[in-house]
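data.txt, holding compact mmCIF, C-alpha atoms:
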```
# COMPACT_ATOMS: atom_id res chain seq x y z
CA MET A 246 -23.31 20.38 -42.11
CA ASN A 247 -22.04 17.33 -40.29
CA ASN A 248 -18.77 19.07 -39.53
CA VAL A 249 -20.48 21.91 -37.70
CA ILE A 250 -20.18 21.45 -33.95
CA SER A 251 -22.84 23.06 -31.81
CA ILE A 252 -21.86 25.72 -29.28
CA GLU A 253 -22.85 23.40 -26.46
CA ALA A 254 -20.61 20.64 -27.78
CA GLN A 255 -17.72 23.11 -28.21
CA THR A 256 -18.21 24.36 -24.66
CA ALA A 257 -18.28 20.81 -23.36
CA LEU A 258 -15.07 19.99 -25.21
CA PHE A 259 -13.42 23.13 -23.86
CA GLU A 260 -14.50 22.39 -20.30
CA GLU A 261 -13.24 18.84 -20.59
CA LYS A 262 -9.85 20.11 -21.72
CA GLU A 263 -9.51 23.12 -19.48
CA SER A 264 -11.47 22.57 -16.31
CA PRO A 265 -9.37 20.97 -13.57
CA LEU A 266 -12.61 19.91 -11.88
CA LEU A 267 -13.55 17.71 -14.79
CA ALA A 268 -10.08 16.28 -15.34
CA LYS A 269 -9.52 12.76 -14.01
CA ARG A 270 -7.54 12.94 -10.80
CA LEU A 271 -6.89 10.71 -7.86
CA PRO A 272 -8.57 12.01 -4.67
CA GLY A 273 -6.00 12.51 -1.90
CA ASP A 274 -2.27 11.98 -1.74
CA LEU A 275 -0.61 9.32 -3.89
CA ALA A 276 1.33 8.13 -0.81
CA MET A 277 -1.96 7.43 0.99
CA TRP A 278 -3.11 5.25 -1.90
CA PHE A 279 0.09 3.21 -1.77
CA PHE A 280 -0.47 2.86 1.98
CA ILE A 281 -4.06 1.72 1.32
CA LEU A 282 -2.80 -0.88 -1.19
CA ALA A 283 -0.30 -2.17 1.39
CA GLU A 284 -3.03 -2.43 4.03
CA LEU A 285 -5.37 -4.23 1.63
CA THR A 286 -2.60 -6.73 0.82
CA VAL A 287 -1.97 -7.51 4.50
CA PHE A 288 -5.68 -8.10 5.10
CA ALA A 289 -5.95 -10.21 1.93
CA ILE A 290 -3.28 -12.55 3.33
CA LEU A 291 -5.17 -12.77 6.64
CA PHE A 292 -8.51 -13.45 4.90
CA ILE A 293 -7.01 -16.15 2.65
CA GLY A 294 -5.25 -17.66 5.69
CA PHE A 295 -8.59 -17.77 7.51
CA ALA A 296 -10.34 -19.48 4.56
CA VAL A 297 -7.56 -22.06 4.18
CA SER A 298 -7.56 -22.79 7.94
CA GLU A 299 -11.33 -23.28 7.81
CA GLN A 300 -10.89 -25.91 5.12
CA LEU A 301 -8.26 -27.66 7.25
CA SER A 302 -10.40 -27.69 10.42
CA PRO A 303 -14.05 -27.31 9.29
CA GLU A 304 -15.58 -28.62 12.53
CA ILE A 305 -13.63 -26.28 14.81
CA PHE A 306 -14.57 -23.31 12.59
CA ALA A 307 -18.25 -24.31 12.41
CA GLN A 308 -18.40 -24.56 16.23
CA GLY A 309 -16.55 -21.25 16.58
CA LYS A 310 -18.85 -19.42 14.18
CA ASN A 311 -21.88 -20.72 16.08
CA LYS A 312 -20.56 -19.05 19.24
CA LEU A 313 -20.29 -15.65 17.53
CA HIS A 314 -23.11 -13.13 17.79
CA GLN A 315 -24.10 -12.63 14.14
CA ILE A 316 -26.43 -9.72 14.89
CA SER A 317 -23.59 -7.77 16.50
CA GLY A 318 -21.57 -8.33 13.31
CA LEU A 319 -24.54 -7.09 11.30
CA ILE A 320 -24.91 -3.98 13.50
CA ASN A 321 -21.19 -3.27 13.08
CA THR A 322 -21.46 -3.56 9.30
CA LEU A 323 -24.41 -1.16 9.20
CA THR A 324 -22.63 1.35 11.48
CA LEU A 325 -19.41 1.35 9.43
CA ILE A 326 -21.34 1.80 6.17
CA THR A 327 -23.33 4.66 7.73
CA SER A 328 -20.18 6.25 9.11
CA SER A 329 -18.57 6.03 5.66
CA TYR A 330 -21.67 7.67 4.17
CA PHE A 331 -21.33 10.67 6.49
CA VAL A 332 -17.64 10.98 5.60
CA ALA A 333 -18.61 10.98 1.89
CA LEU A 334 -21.17 13.74 2.57
CA ALA A 335 -18.54 15.69 4.52
CA LEU A 336 -16.21 15.55 1.52
CA ILE A 337 -18.92 17.01 -0.73
CA LYS A 338 -19.41 19.88 1.75
CA MET A 339 -15.65 20.42 1.84
CA HIS A 340 -15.52 20.59 -1.96
CA GLN A 341 -18.12 23.36 -1.72
CA GLY A 342 -15.97 25.20 0.80
CA TYR A 343 -18.20 24.64 3.85
CA GLY A 344 -15.50 23.59 6.30
CA LYS A 345 -17.58 23.86 9.46
CA GLN A 346 -20.45 21.81 8.03
CA ALA A 347 -17.95 19.21 6.82
CA ALA A 348 -16.45 19.06 10.33
CA LYS A 349 -19.92 18.52 11.86
CA LEU A 350 -20.58 15.64 9.45
CA LEU A 351 -17.25 14.10 10.42
CA VAL A 352 -18.25 14.30 14.09
CA VAL A 353 -21.49 12.43 13.23
CA ALA A 354 -19.40 9.83 11.35
CA LYS A 355 -17.18 9.35 14.41
CA LEU A 356 -20.15 9.07 16.78
CA VAL A 357 -21.62 6.35 14.56
CA ALA A 358 -18.23 4.61 14.54
CA CYS A 359 -18.29 4.67 18.38
CA ILE A 360 -21.26 2.26 18.19
CA TYR A 361 -18.97 -0.14 16.30
CA ILE A 362 -16.32 0.11 19.02
CA GLY A 363 -18.91 -0.37 21.80
CA VAL A 364 -20.40 -3.44 20.10
CA LYS A 365 -16.95 -4.92 19.43
CA ILE A 366 -15.91 -4.51 23.08
CA TRP A 367 -19.22 -6.04 24.23
CA GLU A 368 -18.63 -8.96 21.85
CA TYR A 369 -15.11 -9.57 23.18
CA LEU A 370 -16.28 -9.37 26.81
CA SER A 371 -19.16 -11.78 26.23
CA LEU A 372 -16.71 -14.28 24.68
CA PHE A 373 -14.30 -13.85 27.63
CA GLU A 374 -17.21 -14.53 30.01
CA GLN A 375 -17.75 -17.87 28.22
CA GLY A 376 -14.10 -18.68 28.84
CA ILE A 377 -13.15 -18.11 25.21
CA ASP A 378 -9.96 -16.24 24.36
CA ILE A 379 -7.24 -16.07 21.70
CA GLU A 380 -5.75 -19.42 22.82
CA THR A 381 -9.00 -21.42 22.73
CA ASN A 382 -8.50 -22.85 19.23
CA THR A 383 -7.38 -21.93 15.69
CA PHE A 384 -10.70 -20.29 14.88
CA PHE A 385 -10.61 -17.95 17.87
CA THR A 386 -6.90 -17.20 17.39
CA LEU A 387 -7.67 -15.98 13.87
CA TYR A 388 -10.95 -14.35 14.94
CA PHE A 389 -9.29 -12.24 17.65
CA LEU A 390 -6.22 -11.53 15.50
CA ILE A 391 -8.17 -10.33 12.44
CA THR A 392 -10.97 -8.45 14.23
CA PHE A 393 -8.60 -6.78 16.72
CA PHE A 394 -6.26 -5.77 13.88
CA HIS A 395 -9.27 -4.27 12.11
CA LEU A 396 -10.37 -2.52 15.32
CA MET A 397 -6.90 -0.91 15.51
CA HIS A 398 -7.46 0.41 11.98
CA VAL A 399 -10.84 1.84 12.99
CA LEU A 400 -9.17 3.63 15.92
CA LEU A 401 -6.39 4.97 13.67
CA GLY A 402 -9.02 6.09 11.16
CA MET A 403 -10.87 7.95 13.93
CA VAL A 404 -7.68 9.71 15.01
CA ILE A 405 -7.08 10.77 11.39
CA LEU A 406 -10.68 12.02 11.13
CA VAL A 407 -10.26 14.06 14.35
CA PHE A 408 -7.28 15.90 12.82
CA VAL A 409 -9.09 16.36 9.49
CA ALA A 410 -12.24 17.67 11.25
CA LEU A 411 -10.22 20.15 13.32
CA LYS A 412 -8.53 21.50 10.18
CA ALA A 413 -11.85 21.63 8.33
CA ALA A 414 -13.50 23.54 11.21
CA LYS A 415 -10.72 26.13 11.00
CA ASN A 416 -11.31 26.38 7.22
CA GLU A 417 -7.72 25.33 6.55
CA TYR A 418 -8.75 23.39 3.43
CA ASN A 419 -9.62 25.04 0.11
CA ALA A 420 -10.16 24.00 -3.51
CA SER A 421 -6.42 23.77 -4.19
CA ASN A 422 -5.54 22.24 -0.82
CA ILE A 423 -8.00 19.50 -0.05
CA SER A 424 -5.93 16.36 -0.53
CA GLY A 425 -5.41 15.90 3.23
CA PHE A 426 -9.17 15.73 3.72
CA GLU A 427 -9.56 13.36 0.77
CA SER A 428 -6.76 11.10 2.05
CA GLY A 429 -8.39 10.81 5.49
CA ALA A 430 -11.76 10.05 3.87
CA SER A 431 -10.24 7.41 1.56
CA TYR A 432 -8.54 5.69 4.51
CA TRP A 433 -11.86 5.56 6.35
CA HIS A 434 -13.62 4.05 3.32
CA MET A 435 -10.86 1.42 3.11
CA VAL A 436 -11.54 0.45 6.75
CA ASP A 437 -15.22 0.11 5.84
CA MET A 438 -14.42 -1.97 2.73
CA LEU A 439 -12.25 -4.37 4.74
CA TRP A 440 -15.08 -5.01 7.20
CA ILE A 441 -17.41 -5.69 4.27
CA ILE A 442 -15.17 -8.65 3.35
CA LEU A 443 -14.38 -9.64 6.95
CA PHE A 444 -18.01 -9.81 8.09
CA PRO A 445 -19.31 -12.47 5.65
CA LEU A 446 -16.06 -14.44 5.89
CA ILE A 447 -16.06 -14.76 9.69
CA TYR A 448 -19.73 -14.39 10.62
CA VAL A 449 -21.90 -15.44 7.66
CA ILE A 450 -20.40 -18.14 5.40
CA MET B 66 -26.92 21.32 -8.58
CA GLN B 67 -23.86 19.13 -9.03
CA SER B 68 -23.53 18.70 -5.26
CA THR B 69 -27.24 17.81 -4.96
CA ASN B 70 -26.64 15.04 -7.50
CA ALA B 71 -23.57 13.89 -5.58
CA ASN B 72 -25.56 13.86 -2.33
CA GLN B 73 -28.33 11.84 -3.96
CA LYS B 74 -25.81 9.42 -5.46
CA ASN B 75 -24.22 8.88 -2.04
CA THR B 76 -27.59 8.42 -0.35
CA ILE B 77 -28.76 5.87 -2.93
CA SER B 78 -25.44 4.04 -2.59
CA TRP B 79 -25.71 4.05 1.23
CA LEU B 80 -29.25 2.59 1.14
CA TRP B 81 -28.16 -0.01 -1.42
CA LEU B 82 -25.24 -1.01 0.82
CA LEU B 83 -27.52 -1.34 3.86
CA ALA B 84 -29.97 -3.47 1.87
CA LEU B 85 -27.21 -5.72 0.51
CA THR B 86 -25.83 -6.21 4.03
CA VAL B 87 -29.17 -7.37 5.39
CA ILE B 88 -29.71 -9.59 2.33
CA SER B 89 -26.30 -11.24 2.77
CA VAL B 90 -27.18 -12.22 6.35
CA TYR B 91 -30.64 -13.62 5.66
CA ILE B 92 -30.14 -15.08 2.16
CA GLY B 93 -28.91 -18.31 3.76
CA GLN B 94 -32.23 -18.87 5.55
CA PHE B 95 -34.12 -18.05 2.35
CA LEU B 96 -32.07 -20.49 0.25
CA GLU B 97 -32.55 -23.23 2.88
CA LEU B 98 -36.28 -23.10 2.11
CA PHE B 99 -35.48 -24.38 -1.37
CA ASN B 100 -32.96 -26.98 -0.14
CA THR B 101 -30.20 -25.37 -2.19
CA GLN B 102 -26.59 -26.37 -1.68
CA LYS B 103 -24.25 -24.36 0.53
CA SER B 104 -22.05 -23.66 -2.50
CA LEU B 105 -24.77 -21.47 -4.03
CA PHE B 106 -25.08 -19.57 -0.75
CA ILE B 107 -21.31 -18.94 -0.70
CA ILE B 108 -21.34 -17.71 -4.32
CA VAL B 109 -24.25 -15.33 -3.63
CA VAL B 110 -22.67 -13.92 -0.45
CA LEU B 111 -19.30 -13.39 -2.17
CA PHE B 112 -20.99 -11.75 -5.16
CA ILE B 113 -22.69 -9.37 -2.71
CA VAL B 114 -19.20 -8.56 -1.33
CA PHE B 115 -18.16 -7.51 -4.84
CA LEU B 116 -21.31 -5.38 -5.34
CA LYS B 117 -20.72 -3.61 -2.02
CA GLY B 118 -17.03 -3.10 -2.69
CA GLN B 119 -17.79 -1.60 -6.09
CA GLN B 120 -20.18 0.92 -4.50
CA ILE B 121 -17.60 1.99 -1.94
CA ILE B 122 -14.85 2.28 -4.55
CA ASP B 123 -16.84 4.16 -7.17
CA ILE B 124 -19.17 6.30 -5.07
CA PHE B 125 -17.72 6.81 -1.56
CA MET B 126 -14.05 6.81 -2.61
CA GLU B 127 -14.95 8.78 -5.77
CA LEU B 128 -12.69 6.56 -7.90
CA GLU B 129 -15.32 6.58 -10.66
CA GLN B 130 -13.73 9.87 -11.76
CA ALA B 131 -10.15 8.87 -10.90
CA PRO B 132 -7.47 7.60 -13.31
CA LYS B 133 -8.49 4.17 -14.61
CA LEU B 134 -5.43 2.40 -13.20
CA TRP B 135 -6.36 3.14 -9.58
CA ARG B 136 -10.02 2.32 -10.05
CA ARG B 137 -9.09 -0.97 -11.73
CA LEU B 138 -6.60 -1.83 -8.98
CA LEU B 139 -9.22 -1.41 -6.27
CA LEU B 140 -11.93 -3.17 -8.29
CA ALA B 141 -9.51 -6.05 -8.96
CA TYR B 142 -9.20 -6.42 -5.18
CA VAL B 143 -12.96 -6.86 -4.65
CA ILE B 144 -13.17 -9.23 -7.62
CA LEU B 145 -10.04 -11.35 -7.02
CA LEU B 146 -10.16 -11.70 -3.24
CA PRO B 147 -13.78 -12.97 -3.04
CA SER B 148 -13.00 -15.23 -6.05
CA ILE B 149 -9.97 -16.75 -4.30
CA ILE B 150 -11.95 -17.19 -1.07
CA GLY B 151 -14.78 -18.78 -3.08
CA LEU B 152 -12.39 -21.20 -4.77
CA ILE B 153 -10.91 -22.20 -1.39
CA TYR B 154 -14.39 -22.97 -0.03
CA LEU B 155 -15.77 -24.65 -3.13
CA LEU B 156 -12.86 -26.76 -4.42
```
Spit out the file's structure as structure tokens when you get a sec.
Amino acid sequence: MNNVISIEAQTALFEEKESPLLAKRLPGDLAMWFFILAELTVFAILFIGFAVSEQLSPEIFAQGKNKLHQISGLINTLTLITSSYFVALALIKMHQGYGKQAAKLLVVAKLVACIYIGVKIWEYLSLFEQGIDIETNTFFTLYFLITFFHLMHVLLGMVILVFVALKAAKNEYNASNISGFESGASYWHMVDMLWIILFPLIYVI
Amino acid sequence: MQSTNANQKNTISWLWLLALTVISVYIGQFLELFNTQKSLFIIVVLFIVFLKGQQIIDIFMELEQAPKLWRRLLLAYVILLPSIIGLIYLL
């Protein structure tokens, strides 16, 4: 009696073996994941460098952090998380084959990301108005270097999302050819994840 | 049905990420009320970084269903990097 497997269990076993949808697979291209790992490594070095420098010059870093606008950092974190959320929703729509809806969600994601860019530019300009720039001290050298490098990644991510959205709108992706979309989405989530580490390190701690 | 679940999962994750972000900013002021040391504040904030990273990796990046190696690599990043940063600040 114990050896008898129910029909449901047999079906589940069959689906697990046969269905490509249920099989474990990496979303997107393998090359993109290696690129993501390389990017994460570069940022890890920058973050560790920042933390070490803070220990070497705690007073300069404390003064520098006090001059930053923490609320603008908070707004930027919330916008990047929200933008990532819309990209995740777009990927679900794309999996269902709704290319146009996926493209619209990507446009929303990019519009939300524009808030991040606007806030970042405002933040830079307000620091410049106070006479603060990349040469002011070690803190601001690292602040401008790391945040501007991240901003470049946001801009690259937006360019990638524009191409992905255009292809999605033309229904050029399908169930067997969706890795380009997934790669673009994964890159965008990486940009979001980096900010999630950057924000507390530079603005909060 | 499956997509509805996926949508719900993403929405819950998004709201959780927003909440954790706000908590990480204001937890310092809350802990000051109890005269706690800055080291506890740093540990809490860095632990929140791990929680947020895990949500992005598993839910947004969909690595929950990916081969274990890649999920573990990314999770190792959000565990090791905050740990190293924490050690630099606390030691």
inquiry  = Given all atoms listed in the file as the basis, pick out the residue of B:Leu138, B:Leu98, B:Leu116, B:Met126 nearest to chain A.
reply    =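 Nearest to chain A: B:Met126.
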Rows by chain and residue number, chain B within 8 Å of chain A, shortest pair, only C-alpha atoms, as CSV:
```
residue,atom,partner,partner_atom,distance
B:Ser68,CA,A:Ile337,CA,6.7
B:Ala71,CA,A:Ile337,CA,7.4
B:Asn72,CA,A:Leu334,CA,6.6
B:Asn75,CA,A:Tyr330,CA,6.8
B:Thr76,CA,A:Tyr330,CA,7.5
B:Trp79,CA,A:Tyr330,CA,6.2
B:Leu82,CA,A:Ile326,CA,7.2
B:Leu83,CA,A:Leu323,CA,6.2
B:Thr86,CA,A:Thr322,CA,7.3
B:Val87,CA,A:Leu319,CA,7.5
B:Ser89,CA,A:Pro445,CA,7.7
B:Val90,CA,A:Val449,CA,6.3
B:Phe106,CA,A:Ile450,CA,7.9
B:Ile107,CA,A:Ile450,CA,6.2
B:Val110,CA,A:Pro445,CA,7.1
B:Leu111,CA,A:Pro445,CA,7.9
B:Val114,CA,A:Ile442,CA,6.2
B:Lys117,CA,A:Ile441,CA,7.4
B:Gly118,CA,A:Met438,CA,6.1
B:Ile121,CA,A:Met438,CA,6.9
B:Phe125,CA,A:Ala333,CA,5.5
B:Met126,CA,A:Ser431,CA,5.7
B:Glu127,CA,A:Pro272,CA,7.2
B:Leu128,CA,A:Leu271,CA,7.1
B:Gln130,CA,A:Lys269,CA,5.6
B:Ala131,CA,A:Leu271,CA,4.8
B:Pro132,CA,A:Lys269,CA,5.6
B:Trp135,CA,A:Leu271,CA,7.8
B:Leu146,CA,A:Ala289,CA,6.8
B:Pro147,CA,A:Ile442,CA,7.8
B:Ile149,CA,A:Ile293,CA,7.6
B:Ile150,CA,A:Ile293,CA,6.3
B:Ile153,CA,A:Val297,CA,6.5
B:Tyr154,CA,A:Gln300,CA,6.9
```
inquiry  = Report, in Å with one decimal, the straight-line distance from atom CA of A:Asn321 to atom CA of A:Leu396.
reply    =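 That distance, rounded to one decimal, is 11.1 Å.
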request  = Calculate how many Å separate atom CA of A:Thr392 from atom CA of B:Tyr91, rounding to one decimal.
outcome  =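 Separation between atom CA of A:Thr392 and atom CA of B:Tyr91: 22.1 Å.
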request  = Find the residues around A:Leu406 up to 8 Å (all atoms listed in the file counted), leave out those fewer than 5 positions away in its own chain, and share them as a PyMOL selection string.
outcome  = chain A and resi 351+355+429-430
task = Might you pull out every residue within 10 Å of A:Asn382, with all atoms listed in the file counted and same-chain residues fewer than 4 positions away left off, and present them as a PyMOL selection string?
result = chain A and resi 305-306+309+377-378+386-388
message = Given all atoms listed in the file as the basis, pick out the residue of A:Ala283, A:Ile366, A:Ala410, A:Val436 nearest to A:Lys345.
response =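 When distances to A:Lys345 are compared using all atoms listed in the file, the smallest one comes from A:Ala410.
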query = Please, what distance in Å, to one decimal, runs between atom CA of A:Val399 and atom CA of A:Ile362?
reply =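 Spanning atom CA of A:Val399 to atom CA of A:Ile362 is a straight-line distance of 8.3 Å.
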task = Compare B:Ser78, B:Ile92, B:Glu129, B:Asp123 by their minimum atom-to-atom distance to B:Leu105, counting all atoms listed in the file, and give me the closest one.
result = B:Ile92
Produce the centre coordinates and the three edge lengths, each in Å to one decimal, of the box along x, y and z that contains all listed atoms of stretch 284-294 of chain A with 8 Å added on each side, as JSON.
```
{"center_x": -5.2, "center_y": -10.0, "center_z": 3.7, "size_x": 22.5, "size_y": 31.2, "size_z": 21.8}
```
Distance query B:Ser104 at most 9 Å, only C-alpha atoms, self and fewer than 5 positions along chain excluded, as a CSV table (one decimal) with C-alpha atoms, in the coordinates of the input:
```csv
chain,number,residue,atom,x,y,z
B,109,VAL,CA,-24.2,-15.3,-3.6
B,151,GLY,CA,-14.8,-18.8,-3.1
B,154,TYR,CA,-14.4,-23.0,0.0
B,155,LEU,CA,-15.8,-24.6,-3.1
```
Could I get stretch 136-156 of chain B from the block written as a tab-separated table (two decimals), in the first residue's frame, with N, CA and C atoms?
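Result file is result_18.tsv:
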```tsv
chain	number	residue	atom	x	y	z
B	136	ARG	N	22.64	31.27	-6.96
B	136	ARG	CA	21.92	31.88	-5.82
B	136	ARG	C	22.88	32.05	-4.65
B	137	ARG	N	23.68	31.00	-4.39
B	137	ARG	CA	24.61	31.05	-3.25
B	137	ARG	C	25.69	32.11	-3.46
B	138	LEU	N	26.14	32.26	-4.71
B	138	LEU	CA	27.17	33.27	-5.01
B	138	LEU	C	26.65	34.67	-4.67
B	139	LEU	N	25.44	34.95	-5.13
B	139	LEU	CA	24.86	36.28	-4.89
B	139	LEU	C	24.54	36.48	-3.41
B	140	LEU	N	24.01	35.42	-2.77
B	140	LEU	CA	23.71	35.55	-1.33
B	140	LEU	C	24.99	35.73	-0.53
B	141	ALA	N	26.06	35.05	-0.95
B	141	ALA	CA	27.36	35.21	-0.27
B	141	ALA	C	27.80	36.66	-0.31
B	142	TYR	N	27.50	37.33	-1.42
B	142	TYR	CA	27.88	38.74	-1.57
B	142	TYR	C	27.20	39.60	-0.51
B	143	VAL	N	25.88	39.40	-0.33
B	143	VAL	CA	25.15	40.24	0.63
B	143	VAL	C	25.34	39.78	2.08
B	144	ILE	N	26.00	38.65	2.25
B	144	ILE	CA	26.36	38.23	3.62
B	144	ILE	C	27.79	38.69	3.93
B	145	LEU	N	28.72	38.38	3.00
B	145	LEU	CA	30.14	38.67	3.26
B	145	LEU	C	30.48	40.16	3.26
B	146	LEU	N	29.95	40.88	2.26
B	146	LEU	CA	30.31	42.30	2.17
B	146	LEU	C	29.85	43.11	3.40
B	147	PRO	N	28.56	42.99	3.81
B	147	PRO	CA	28.18	43.70	5.05
B	147	PRO	C	28.97	43.21	6.26
B	148	SER	N	29.33	41.91	6.29
B	148	SER	CA	30.11	41.39	7.42
B	148	SER	C	31.50	42.03	7.46
B	149	ILE	N	32.14	42.13	6.29
B	149	ILE	CA	33.47	42.75	6.23
B	149	ILE	C	33.38	44.22	6.65
B	150	ILE	N	32.37	44.91	6.09
B	150	ILE	CA	32.20	46.33	6.44
B	150	ILE	C	31.96	46.46	7.95
B	151	GLY	N	31.13	45.58	8.50
B	151	GLY	CA	30.85	45.59	9.94
B	151	GLY	C	32.11	45.39	10.75
B	152	LEU	N	32.93	44.44	10.33
B	152	LEU	CA	34.19	44.17	11.06
B	152	LEU	C	35.12	45.39	11.02
B	153	ILE	N	35.16	46.04	9.85
B	153	ILE	CA	36.02	47.25	9.73
B	153	ILE	C	35.56	48.33	10.71
B	154	TYR	N	34.24	48.50	10.82
B	154	TYR	CA	33.72	49.55	11.71
B	154	TYR	C	33.83	49.18	13.19
B	155	LEU	N	33.69	47.88	13.48
B	155	LEU	CA	33.58	47.49	14.89
B	155	LEU	C	34.91	47.09	15.53
B	156	LEU	N	35.88	46.67	14.72
B	156	LEU	CA	37.14	46.22	15.34
B	156	LEU	C	38.13	47.38	15.55
```
